[in-house]
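Here the structure is laid out as structure tokens; the discussion comes afterwards.
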Amino acid sequence: ARARPNPLCFIVVRKKEAIMSGAYGEPDWASPGASSAGAAVTVDAGATASTAAVANQPSTGGKGKANCFQRLLSIVNLILCAGMMALGILTLIEFKNGMDISEAFVATYMILFAALLALYEFMWWSTIDSINKSMRKNFGFLYGIKGKAAYMIFVAFLTIGLESSIRWLRYAVGISFLVDGVFHIFLLCYKPDLVSSYKAPTGGLNNDHVV
């Protein structure tokens, strides 16, 4: 008769395998899915961390571009103001040659309007509190893109309508002011990212409420 195996032997062998598996760990080839899953988790975590770091970095490119564009517009406005003041002065010089007195008044207003816009642009670059406070209270429409654009369009038609003046300079300055004003409105409507960060000078108004 054949001898039956002792069940106690199997129990002892199983216990030894369990102890060895717990002490040395199960090899990777025995469970390939575990190794690949661990690698995948590590890669995903690193990618997520990199993505979060890039997302948290401040984006300064767009803001810097907008600031440079706003400075360029201010410089163009100052050049146009200089042209309008020159046109008004030359018109007054020609007043002795039998010019209508109404044209002299228009030329005087052109000089004042150009000086007002130029003063605002200078306040935008370097604010003098007392002057800026007075201008903000009396000419607040210049402290916004819409108001300044409307002002330039008005001045453009005033310049073009001045008859007793240098013809080519009158049309050059008037059309330039008109294009500049329309361009401000275009930027406000179709390129708001370039002018949305525009900040009017606030010197001297920290403790005052201006409507």
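How things are named: the first chain in the structure tokens is A, the next is B, and so on; residues count from 1 in each chain; ligands count from 1 in the order shown.
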
For segment 97-160 of chain A versus segment 76-91 of chain A, which residues have an atom no more than 8 Å away, and what is each residue's nearest atom pair and distance in Å rounded to one decimal, using only C-alpha atoms, chain-then-number order, as JSON lines?
{"residue": "A:Ala104", "atom": "CA", "partner": "A:Thr91", "partner_atom": "CA", "distance": 7.1}
{"residue": "A:Ala107", "atom": "CA", "partner": "A:Gly88", "partner_atom": "CA", "distance": 4.5}
{"residue": "A:Thr108", "atom": "CA", "partner": "A:Gly88", "partner_atom": "CA", "distance": 6.4}
{"residue": "A:Met110", "atom": "CA", "partner": "A:Gly88", "partner_atom": "CA", "distance": 6.0}
{"residue": "A:Ile111", "atom": "CA", "partner": "A:Met85", "partner_atom": "CA", "distance": 4.7}
{"residue": "A:Ala114", "atom": "CA", "partner": "A:Cys81", "partner_atom": "CA", "distance": 4.8}
{"residue": "A:Ala115", "atom": "CA", "partner": "A:Cys81", "partner_atom": "CA", "distance": 6.9}
{"residue": "A:Leu117", "atom": "CA", "partner": "A:Cys81", "partner_atom": "CA", "distance": 7.1}
{"residue": "A:Ala118", "atom": "CA", "partner": "A:Leu78", "partner_atom": "CA", "distance": 5.6}
{"residue": "A:Glu121", "atom": "CA", "partner": "A:Leu78", "partner_atom": "CA", "distance": 7.0}
{"residue": "A:Thr159", "atom": "CA", "partner": "A:Met84", "partner_atom": "CA", "distance": 7.8}

Go ahead and write the residues just picked, C-alpha atoms, as a PDB file, in the first residue's frame.
ATOM      1  CA  ALA A 104      -7.503 134.176 -35.199  1.00  0.00           C
ATOM      2  CA  ALA A 107      -6.093 129.448 -34.108  1.00  0.00           C
ATOM      3  CA  THR A 108      -5.906 130.549 -30.476  1.00  0.00           C
ATOM      4  CA  MET A 110      -6.180 125.260 -31.381  1.00  0.00           C
ATOM      5  CA  ILE A 111      -3.089 126.274 -29.416  1.00  0.00           C
ATOM      6  CA  ALA A 114      -3.116 121.218 -28.147  1.00  0.00           C
ATOM      7  CA  ALA A 115      -1.469 122.510 -24.980  1.00  0.00           C
ATOM      8  CA  LEU A 117      -3.722 117.457 -24.446  1.00  0.00           C
ATOM      9  CA  ALA A 118       0.061 117.785 -24.291  1.00  0.00           C
ATOM     10  CA  GLU A 121       0.297 113.397 -21.708  1.00  0.00           C
ATOM     11  CA  THR A 159      -8.087 121.991 -37.553  1.00  0.00           C
TER      12      THR A 159
END

Contacts between segment 189-195 of chain A and segment 70-142 of chain A, please, where a residue of segment 70-142 of chain A counts if it comes within 12 Å (with only C-alpha atoms); show its shortest atom pair and distance in Å to one decimal, rows by chain and ascending number, as JSON lines.
{"residue": "A:Gln70", "atom": "CA", "partner": "A:Val195", "partner_atom": "CA", "distance": 7.1}
{"residue": "A:Arg71", "atom": "CA", "partner": "A:Val195", "partner_atom": "CA", "distance": 10.9}
{"residue": "A:Leu72", "atom": "CA", "partner": "A:Leu194", "partner_atom": "CA", "distance": 11.6}
{"residue": "A:Leu73", "atom": "CA", "partner": "A:Val195", "partner_atom": "CA", "distance": 10.4}

Picked from segment 131-182 of chain A by DSSP as alpha helix (DSSP H), as a PDB file with N, CA, C and O atoms, in the first residue's frame:
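What follows is the written file result.pdb:
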ATOM      1  N   ILE A 131      -1.062 120.102 -10.403  1.00  0.00           N
ATOM      2  CA  ILE A 131      -1.564 120.294 -11.772  1.00  0.00           C
ATOM      3  C   ILE A 131      -2.510 119.167 -12.158  1.00  0.00           C
ATOM      4  O   ILE A 131      -3.576 119.393 -12.741  1.00  0.00           O
ATOM      5  N   ASN A 132      -2.134 117.937 -11.832  1.00  0.00           N
ATOM      6  CA  ASN A 132      -2.976 116.798 -12.188  1.00  0.00           C
ATOM      7  C   ASN A 132      -4.323 116.852 -11.479  1.00  0.00           C
ATOM      8  O   ASN A 132      -5.355 116.508 -12.057  1.00  0.00           O
ATOM      9  N   LYS A 133      -4.328 117.289 -10.225  1.00  0.00           N
ATOM     10  CA  LYS A 133      -5.582 117.390  -9.477  1.00  0.00           C
ATOM     11  C   LYS A 133      -6.524 118.399 -10.122  1.00  0.00           C
ATOM     12  O   LYS A 133      -7.728 118.143 -10.281  1.00  0.00           O
ATOM     13  N   SER A 134      -5.982 119.541 -10.536  1.00  0.00           N
ATOM     14  CA  SER A 134      -6.807 120.562 -11.190  1.00  0.00           C
ATOM     15  C   SER A 134      -7.312 120.084 -12.545  1.00  0.00           C
ATOM     16  O   SER A 134      -8.486 120.288 -12.899  1.00  0.00           O
ATOM     17  N   MET A 135      -6.450 119.427 -13.300  1.00  0.00           N
ATOM     18  CA  MET A 135      -6.868 118.934 -14.617  1.00  0.00           C
ATOM     19  C   MET A 135      -7.924 117.846 -14.497  1.00  0.00           C
ATOM     20  O   MET A 135      -8.868 117.786 -15.280  1.00  0.00           O
ATOM     21  N   ARG A 136      -7.766 116.972 -13.534  1.00  0.00           N
ATOM     22  CA  ARG A 136      -8.715 115.870 -13.364  1.00  0.00           C
ATOM     23  C   ARG A 136     -10.106 116.393 -13.022  1.00  0.00           C
ATOM     24  O   ARG A 136     -11.121 115.856 -13.469  1.00  0.00           O
ATOM     25  N   LYS A 137     -10.173 117.457 -12.236  1.00  0.00           N
ATOM     26  CA  LYS A 137     -11.467 118.005 -11.834  1.00  0.00           C
ATOM     27  C   LYS A 137     -12.128 118.811 -12.948  1.00  0.00           C
ATOM     28  O   LYS A 137     -13.350 118.887 -13.024  1.00  0.00           O
ATOM     29  N   ASN A 138     -11.316 119.444 -13.797  1.00  0.00           N
ATOM     30  CA  ASN A 138     -11.871 120.313 -14.837  1.00  0.00           C
ATOM     31  C   ASN A 138     -11.916 119.673 -16.221  1.00  0.00           C
ATOM     32  O   ASN A 138     -12.764 120.032 -17.037  1.00  0.00           O
ATOM     33  N   ILE A 145      -9.889 106.450 -22.341  1.00  0.00           N
ATOM     34  CA  ILE A 145      -9.628 106.239 -23.761  1.00  0.00           C
ATOM     35  C   ILE A 145     -10.758 106.816 -24.614  1.00  0.00           C
ATOM     36  O   ILE A 145     -10.506 107.482 -25.631  1.00  0.00           O
ATOM     37  N   LYS A 146     -11.998 106.613 -24.211  1.00  0.00           N
ATOM     38  CA  LYS A 146     -13.130 107.115 -24.998  1.00  0.00           C
ATOM     39  C   LYS A 146     -13.139 108.645 -25.045  1.00  0.00           C
ATOM     40  O   LYS A 146     -13.308 109.242 -26.114  1.00  0.00           O
ATOM     41  N   GLY A 147     -12.996 109.272 -23.882  1.00  0.00           N
ATOM     42  CA  GLY A 147     -13.023 110.728 -23.837  1.00  0.00           C
ATOM     43  C   GLY A 147     -11.885 111.350 -24.617  1.00  0.00           C
ATOM     44  O   GLY A 147     -12.074 112.340 -25.341  1.00  0.00           O
ATOM     45  N   LYS A 148     -10.702 110.768 -24.506  1.00  0.00           N
ATOM     46  CA  LYS A 148      -9.560 111.311 -25.227  1.00  0.00           C
ATOM     47  C   LYS A 148      -9.717 111.124 -26.728  1.00  0.00           C
ATOM     48  O   LYS A 148      -9.351 111.998 -27.525  1.00  0.00           O
ATOM     49  N   ALA A 149     -10.276 109.990 -27.151  1.00  0.00           N
ATOM     50  CA  ALA A 149     -10.513 109.760 -28.574  1.00  0.00           C
ATOM     51  C   ALA A 149     -11.517 110.763 -29.140  1.00  0.00           C
ATOM     52  O   ALA A 149     -11.311 111.328 -30.224  1.00  0.00           O
ATOM     53  N   ALA A 150     -12.608 111.005 -28.413  1.00  0.00           N
ATOM     54  CA  ALA A 150     -13.603 111.980 -28.865  1.00  0.00           C
ATOM     55  C   ALA A 150     -13.002 113.385 -28.926  1.00  0.00           C
ATOM     56  O   ALA A 150     -13.299 114.158 -29.846  1.00  0.00           O
ATOM     57  N   TYR A 151     -12.166 113.708 -27.973  1.00  0.00           N
ATOM     58  CA  TYR A 151     -11.503 115.017 -27.953  1.00  0.00           C
ATOM     59  C   TYR A 151     -10.622 115.191 -29.191  1.00  0.00           C
ATOM     60  O   TYR A 151     -10.630 116.256 -29.837  1.00  0.00           O
ATOM     61  N   MET A 152      -9.859 114.167 -29.541  1.00  0.00           N
ATOM     62  CA  MET A 152      -8.970 114.266 -30.698  1.00  0.00           C
ATOM     63  C   MET A 152      -9.752 114.364 -32.004  1.00  0.00           C
ATOM     64  O   MET A 152      -9.343 115.080 -32.932  1.00  0.00           O
ATOM     65  N   ILE A 153     -10.876 113.667 -32.106  1.00  0.00           N
ATOM     66  CA  ILE A 153     -11.698 113.767 -33.314  1.00  0.00           C
ATOM     67  C   ILE A 153     -12.282 115.175 -33.443  1.00  0.00           C
ATOM     68  O   ILE A 153     -12.323 115.752 -34.542  1.00  0.00           O
ATOM     69  N   PHE A 154     -12.723 115.740 -32.321  1.00  0.00           N
ATOM     70  CA  PHE A 154     -13.237 117.119 -32.345  1.00  0.00           C
ATOM     71  C   PHE A 154     -12.155 118.107 -32.789  1.00  0.00           C
ATOM     72  O   PHE A 154     -12.394 118.989 -33.627  1.00  0.00           O
ATOM     73  N   VAL A 155     -10.967 117.976 -32.232  1.00  0.00           N
ATOM     74  CA  VAL A 155      -9.866 118.867 -32.589  1.00  0.00           C
ATOM     75  C   VAL A 155      -9.470 118.689 -34.050  1.00  0.00           C
ATOM     76  O   VAL A 155      -9.074 119.657 -34.724  1.00  0.00           O
ATOM     77  N   ALA A 156      -9.594 117.476 -34.565  1.00  0.00           N
ATOM     78  CA  ALA A 156      -9.248 117.215 -35.967  1.00  0.00           C
ATOM     79  C   ALA A 156     -10.143 118.024 -36.908  1.00  0.00           C
ATOM     80  O   ALA A 156      -9.653 118.664 -37.849  1.00  0.00           O
ATOM     81  N   PHE A 157     -11.446 118.004 -36.655  1.00  0.00           N
ATOM     82  CA  PHE A 157     -12.360 118.766 -37.517  1.00  0.00           C
ATOM     83  C   PHE A 157     -12.156 120.271 -37.346  1.00  0.00           C
ATOM     84  O   PHE A 157     -12.304 121.035 -38.297  1.00  0.00           O
ATOM     85  N   LEU A 158     -11.806 120.691 -36.146  1.00  0.00           N
ATOM     86  CA  LEU A 158     -11.510 122.103 -35.928  1.00  0.00           C
ATOM     87  C   LEU A 158     -10.288 122.539 -36.743  1.00  0.00           C
ATOM     88  O   LEU A 158     -10.271 123.637 -37.323  1.00  0.00           O
ATOM     89  N   THR A 159      -9.302 121.669 -36.799  1.00  0.00           N
ATOM     90  CA  THR A 159      -8.087 121.991 -37.553  1.00  0.00           C
ATOM     91  C   THR A 159      -8.343 122.017 -39.054  1.00  0.00           C
ATOM     92  O   THR A 159      -7.885 122.925 -39.764  1.00  0.00           O
ATOM     93  N   ILE A 160      -9.061 121.036 -39.545  1.00  0.00           N
ATOM     94  CA  ILE A 160      -9.338 120.977 -40.975  1.00  0.00           C
ATOM     95  C   ILE A 160     -10.179 122.176 -41.416  1.00  0.00           C
ATOM     96  O   ILE A 160     -10.043 122.677 -42.545  1.00  0.00           O
ATOM     97  N   ARG A 167      -1.835 125.241 -45.951  1.00  0.00           N
ATOM     98  CA  ARG A 167      -2.756 124.204 -46.400  1.00  0.00           C
ATOM     99  C   ARG A 167      -2.256 122.797 -46.082  1.00  0.00           C
ATOM    100  O   ARG A 167      -2.984 121.985 -45.501  1.00  0.00           O
ATOM    101  N   TRP A 168      -1.016 122.504 -46.459  1.00  0.00           N
ATOM    102  CA  TRP A 168      -0.512 121.136 -46.282  1.00  0.00           C
ATOM    103  C   TRP A 168      -0.377 120.779 -44.797  1.00  0.00           C
ATOM    104  O   TRP A 168      -0.661 119.652 -44.389  1.00  0.00           O
ATOM    105  N   LEU A 169       0.038 121.741 -43.970  1.00  0.00           N
ATOM    106  CA  LEU A 169       0.170 121.474 -42.539  1.00  0.00           C
ATOM    107  C   LEU A 169      -1.194 121.303 -41.889  1.00  0.00           C
ATOM    108  O   LEU A 169      -1.379 120.462 -41.000  1.00  0.00           O
ATOM    109  N   ARG A 170      -2.162 122.073 -42.350  1.00  0.00           N
ATOM    110  CA  ARG A 170      -3.510 121.968 -41.793  1.00  0.00           C
ATOM    111  C   ARG A 170      -4.081 120.584 -42.033  1.00  0.00           C
ATOM    112  O   ARG A 170      -4.602 119.947 -41.103  1.00  0.00           O
ATOM    113  N   TYR A 171      -3.987 120.091 -43.277  1.00  0.00           N
ATOM    114  CA  TYR A 171      -4.533 118.767 -43.578  1.00  0.00           C
ATOM    115  C   TYR A 171      -3.708 117.650 -42.932  1.00  0.00           C
ATOM    116  O   TYR A 171      -4.261 116.630 -42.486  1.00  0.00           O
ATOM    117  N   ALA A 172      -2.418 117.840 -42.875  1.00  0.00           N
ATOM    118  CA  ALA A 172      -1.576 116.806 -42.255  1.00  0.00           C
ATOM    119  C   ALA A 172      -1.912 116.640 -40.775  1.00  0.00           C
ATOM    120  O   ALA A 172      -2.110 115.513 -40.289  1.00  0.00           O
ATOM    121  N   VAL A 173      -2.009 117.756 -40.068  1.00  0.00           N
ATOM    122  CA  VAL A 173      -2.300 117.689 -38.629  1.00  0.00           C
ATOM    123  C   VAL A 173      -3.740 117.240 -38.391  1.00  0.00           C
ATOM    124  O   VAL A 173      -4.007 116.390 -37.526  1.00  0.00           O
ATOM    125  N   GLY A 174      -4.693 117.798 -39.147  1.00  0.00           N
ATOM    126  CA  GLY A 174      -6.101 117.450 -38.947  1.00  0.00           C
ATOM    127  C   GLY A 174      -6.389 115.986 -39.227  1.00  0.00           C
ATOM    128  O   GLY A 174      -7.035 115.297 -38.415  1.00  0.00           O
ATOM    129  N   ILE A 175      -5.886 115.480 -40.359  1.00  0.00           N
ATOM    130  CA  ILE A 175      -6.132 114.068 -40.689  1.00  0.00           C
ATOM    131  C   ILE A 175      -5.416 113.146 -39.705  1.00  0.00           C
ATOM    132  O   ILE A 175      -5.939 112.090 -39.322  1.00  0.00           O
ATOM    133  N   SER A 176      -4.229 113.537 -39.276  1.00  0.00           N
ATOM    134  CA  SER A 176      -3.500 112.709 -38.300  1.00  0.00           C
ATOM    135  C   SER A 176      -4.259 112.621 -36.979  1.00  0.00           C
ATOM    136  O   SER A 176      -4.356 111.542 -36.377  1.00  0.00           O
ATOM    137  N   PHE A 177      -4.795 113.750 -36.518  1.00  0.00           N
ATOM    138  CA  PHE A 177      -5.597 113.724 -35.288  1.00  0.00           C
ATOM    139  C   PHE A 177      -6.847 112.863 -35.466  1.00  0.00           C
ATOM    140  O   PHE A 177      -7.237 112.112 -34.555  1.00  0.00           O
ATOM    141  N   LEU A 178      -7.478 112.956 -36.630  1.00  0.00           N
ATOM    142  CA  LEU A 178      -8.680 112.160 -36.879  1.00  0.00           C
ATOM    143  C   LEU A 178      -8.360 110.671 -36.882  1.00  0.00           C
ATOM    144  O   LEU A 178      -9.071 109.866 -36.253  1.00  0.00           O
ATOM    145  N   VAL A 179      -7.297 110.292 -37.558  1.00  0.00           N
ATOM    146  CA  VAL A 179      -6.897 108.879 -37.598  1.00  0.00           C
ATOM    147  C   VAL A 179      -6.511 108.390 -36.200  1.00  0.00           C
ATOM    148  O   VAL A 179      -6.864 107.275 -35.799  1.00  0.00           O
ATOM    149  N   ASP A 180      -5.818 109.228 -35.455  1.00  0.00           N
ATOM    150  CA  ASP A 180      -5.408 108.848 -34.103  1.00  0.00           C
ATOM    151  C   ASP A 180      -6.613 108.627 -33.196  1.00  0.00           C
ATOM    152  O   ASP A 180      -6.661 107.664 -32.419  1.00  0.00           O
ATOM    153  N   GLY A 181      -7.604 109.509 -33.283  1.00  0.00           N
ATOM    154  CA  GLY A 181      -8.796 109.336 -32.459  1.00  0.00           C
ATOM    155  C   GLY A 181      -9.583 108.093 -32.819  1.00  0.00           C
ATOM    156  O   GLY A 181     -10.020 107.335 -31.941  1.00  0.00           O
ATOM    157  N   VAL A 182      -9.758 107.855 -34.121  1.00  0.00           N
ATOM    158  CA  VAL A 182     -10.470 106.656 -34.560  1.00  0.00           C
ATOM    159  C   VAL A 182      -9.688 105.399 -34.170  1.00  0.00           C
ATOM    160  O   VAL A 182     -10.275 104.374 -33.800  1.00  0.00           O
TER     161      VAL A 182
END

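Pairwise distance (atom CA of Lys65 of chain A, atom CA of Tyr143 of chain A) equals 21.1 Å.
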
Taken to one decimal, the atom CA of His184 of chain A-atom CA of Ser130 of chain A distance is 27.7 Å

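Straight-line separation from atom CA of Ser74 of chain A to atom CA of Gly140 of chain A: 17.2 Å.
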
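Minimum distance to Ala200 of chain A across A:Phe95, A:Tyr109, A:Phe186, A:Phe141 (counting only C-alpha atoms) occurs at A:Phe141.
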